[in-house]
Amino acid sequence: MNKTLSLTLVGITTILLSIVGYLVYQNQKLINRFAKPSPSPSTLASASPESSVNQEPSESPNRLAVSSPDLTVSLTQNAIKTNVNAKNFSGLIPYMTTPKVFVVLEATECCGDKTPQEATEQMNYIEAGIPFDFDQGSETVVNLKIKNPNLEKSYIGISTVNEQLIAFNIDNESHITNIEMSASWKLYNQ
């Protein structure tokens, strides 16, 4: 009986690890696809034979990490759900605005504007809460959005093992602009 149970647990563990590995692999492929720079149509159209070949367009300080017409809110939300639950926080860097993302650790004096790399380091705060449920229709999430105007448009995850919360604001270009984390979603119900 114990041998059968052990083999079953090994089999289930192997399957789960395979699924997580596959999701991480697919996410990395997607990140690499978005990370490749491609010339914009306006840059190509404005190039003339007299212009220098090495001339680069000027970049604004708020240029986004991933600029692709293929990036959508649902794609960003899927990347959030996959990377957070796989503890692959750096996998979210291409989805964040640069040079800064606004980070809040609720009930602390941390953090403010951070680089995407610094923001992912702060996300270690929620590791004990993994996995997170990102069901935006859950009663808890709906109530949080109603009671807290700052969370109304956020993509919220609630820990399935404790009370931790993580919320992402996504701009109209489908990039993460804010990350808010809390030791307990109940802090927002007061």
# chains A, B, ... in the order shown; residues from 1 in each chain; ligands from 1
$ residues_around --residues "region 147-157 of chain A" --least-positions-apart "4" --cutoff "10 Å" --atoms "only C-alpha atoms" --output "ChimeraX atom specification"
/A:73,76-77,80-81,84-85,129-136,140-143,164-171,176,178-181,185,188-190
$ residues_around --residues "Thr177 (chain A)" --least-positions-apart "6" --cutoff "12 Å" --atoms "only C-alpha atoms" --output "number ranges by chain"
A: 62, 64-65, 76, 92-104, 112-116, 119, 153-155, 167-171
$ decode --residues "region 155-171 of chain A" --atoms "all heavy atoms" --output "short mmCIF file (atom, residue, chain, number, x, y, z; two decimals), in the first residue's frame"
data_model
loop_
_atom_site.label_atom_id
_atom_site.label_comp_id
_atom_site.auth_asym_id
_atom_site.auth_seq_id
_atom_site.Cartn_x
_atom_site.Cartn_y
_atom_site.Cartn_z
N TYR A 155 -5.39 44.49 -10.87
CA TYR A 155 -5.46 43.04 -11.07
C TYR A 155 -4.96 42.43 -9.77
O TYR A 155 -3.77 42.49 -9.46
CB TYR A 155 -4.60 42.64 -12.26
CG TYR A 155 -4.70 41.18 -12.62
CD1 TYR A 155 -5.91 40.61 -13.01
CD2 TYR A 155 -3.57 40.37 -12.58
CE1 TYR A 155 -5.98 39.27 -13.35
CE2 TYR A 155 -3.64 39.03 -12.93
CZ TYR A 155 -4.86 38.49 -13.31
OH TYR A 155 -4.93 37.15 -13.65
N ILE A 156 -5.88 41.88 -8.98
CA ILE A 156 -5.59 41.48 -7.60
C ILE A 156 -5.43 39.98 -7.47
O ILE A 156 -6.23 39.21 -8.01
CB ILE A 156 -6.72 41.96 -6.66
CG1 ILE A 156 -6.83 43.49 -6.70
CG2 ILE A 156 -6.51 41.47 -5.24
CD1 ILE A 156 -8.02 44.04 -5.93
N GLY A 157 -4.42 39.59 -6.69
CA GLY A 157 -4.23 38.19 -6.32
C GLY A 157 -4.33 38.05 -4.82
O GLY A 157 -3.78 38.87 -4.08
N ILE A 158 -5.04 37.02 -4.38
CA ILE A 158 -5.19 36.73 -2.95
C ILE A 158 -4.54 35.38 -2.69
O ILE A 158 -4.79 34.40 -3.41
CB ILE A 158 -6.68 36.67 -2.53
CG1 ILE A 158 -7.41 37.96 -2.87
CG2 ILE A 158 -6.82 36.31 -1.06
CD1 ILE A 158 -7.02 39.15 -2.04
N SER A 159 -3.71 35.31 -1.66
CA SER A 159 -3.03 34.07 -1.32
C SER A 159 -4.04 32.96 -1.01
O SER A 159 -5.07 33.21 -0.38
CB SER A 159 -2.12 34.28 -0.11
OG SER A 159 -1.63 33.05 0.36
N THR A 160 -3.71 31.75 -1.44
CA THR A 160 -4.56 30.60 -1.12
C THR A 160 -4.11 29.92 0.17
O THR A 160 -4.78 29.01 0.64
CB THR A 160 -4.56 29.58 -2.27
OG1 THR A 160 -3.24 29.11 -2.47
CG2 THR A 160 -5.10 30.20 -3.55
N VAL A 161 -2.96 30.35 0.74
CA VAL A 161 -2.44 29.71 1.95
C VAL A 161 -2.43 30.63 3.16
O VAL A 161 -2.29 30.16 4.28
CB VAL A 161 -1.02 29.13 1.72
CG1 VAL A 161 -1.06 28.02 0.70
CG2 VAL A 161 -0.04 30.20 1.31
N ASN A 162 -2.55 31.93 2.95
CA ASN A 162 -2.67 32.87 4.05
C ASN A 162 -3.45 34.08 3.55
O ASN A 162 -4.18 33.96 2.58
CB ASN A 162 -1.30 33.22 4.66
CG ASN A 162 -0.35 33.85 3.67
OD1 ASN A 162 -0.76 34.57 2.77
ND2 ASN A 162 0.94 33.60 3.83
N GLU A 163 -3.29 35.23 4.15
CA GLU A 163 -4.12 36.39 3.81
C GLU A 163 -3.42 37.40 2.91
O GLU A 163 -3.95 38.49 2.68
CB GLU A 163 -4.57 37.09 5.10
CG GLU A 163 -5.42 36.24 5.98
CD GLU A 163 -5.77 36.92 7.29
OE1 GLU A 163 -5.23 38.02 7.60
OE2 GLU A 163 -6.59 36.36 8.03
N GLN A 164 -2.24 37.10 2.39
CA GLN A 164 -1.49 38.09 1.62
C GLN A 164 -2.23 38.51 0.36
O GLN A 164 -3.01 37.75 -0.22
CB GLN A 164 -0.11 37.55 1.26
CG GLN A 164 0.82 37.53 2.46
CD GLN A 164 2.24 37.19 2.07
OE1 GLN A 164 2.49 36.28 1.30
NE2 GLN A 164 3.18 37.93 2.62
N LEU A 165 -1.94 39.74 -0.07
CA LEU A 165 -2.54 40.33 -1.25
C LEU A 165 -1.44 40.91 -2.11
O LEU A 165 -0.46 41.45 -1.59
CB LEU A 165 -3.51 41.44 -0.84
CG LEU A 165 -4.07 42.33 -1.94
CD1 LEU A 165 -5.52 42.64 -1.67
CD2 LEU A 165 -3.28 43.62 -2.09
N ILE A 166 -1.60 40.81 -3.42
CA ILE A 166 -0.76 41.53 -4.36
C ILE A 166 -1.67 42.10 -5.43
O ILE A 166 -2.60 41.43 -5.89
CB ILE A 166 0.37 40.66 -4.96
CG1 ILE A 166 1.32 41.52 -5.79
CG2 ILE A 166 -0.20 39.48 -5.77
CD1 ILE A 166 2.67 40.89 -6.07
N ALA A 167 -1.46 43.38 -5.76
CA ALA A 167 -2.30 44.06 -6.73
C ALA A 167 -1.42 44.78 -7.74
O ALA A 167 -0.43 45.42 -7.37
CB ALA A 167 -3.23 45.04 -6.03
N PHE A 168 -1.80 44.66 -9.01
CA PHE A 168 -1.05 45.28 -10.09
C PHE A 168 -1.95 46.26 -10.83
O PHE A 168 -3.07 45.92 -11.20
CB PHE A 168 -0.58 44.22 -11.10
CG PHE A 168 0.38 43.22 -10.54
CD1 PHE A 168 -0.07 42.10 -9.88
CD2 PHE A 168 1.75 43.41 -10.68
CE1 PHE A 168 0.82 41.17 -9.36
CE2 PHE A 168 2.65 42.48 -10.17
CZ PHE A 168 2.18 41.37 -9.51
N ASN A 169 -1.45 47.48 -11.06
CA ASN A 169 -2.14 48.42 -11.93
C ASN A 169 -1.51 48.30 -13.31
O ASN A 169 -0.28 48.31 -13.43
CB ASN A 169 -2.03 49.85 -11.42
CG ASN A 169 -2.90 50.10 -10.21
OD1 ASN A 169 -3.54 49.18 -9.69
ND2 ASN A 169 -2.93 51.33 -9.75
N ILE A 170 -2.36 48.21 -14.31
CA ILE A 170 -1.91 48.04 -15.69
C ILE A 170 -2.40 49.23 -16.49
O ILE A 170 -3.60 49.57 -16.44
CB ILE A 170 -2.45 46.71 -16.28
CG1 ILE A 170 -1.96 45.54 -15.42
CG2 ILE A 170 -2.04 46.56 -17.73
CD1 ILE A 170 -2.57 44.21 -15.77
N ASP A 171 -1.49 49.89 -17.21
CA ASP A 171 -1.87 51.10 -17.94
C ASP A 171 -2.56 50.74 -19.27
O ASP A 171 -2.75 49.57 -19.60
CB ASP A 171 -0.67 52.03 -18.16
CG ASP A 171 0.40 51.46 -19.08
OD1 ASP A 171 0.17 50.45 -19.77
OD2 ASP A 171 1.50 52.04 -19.12
#
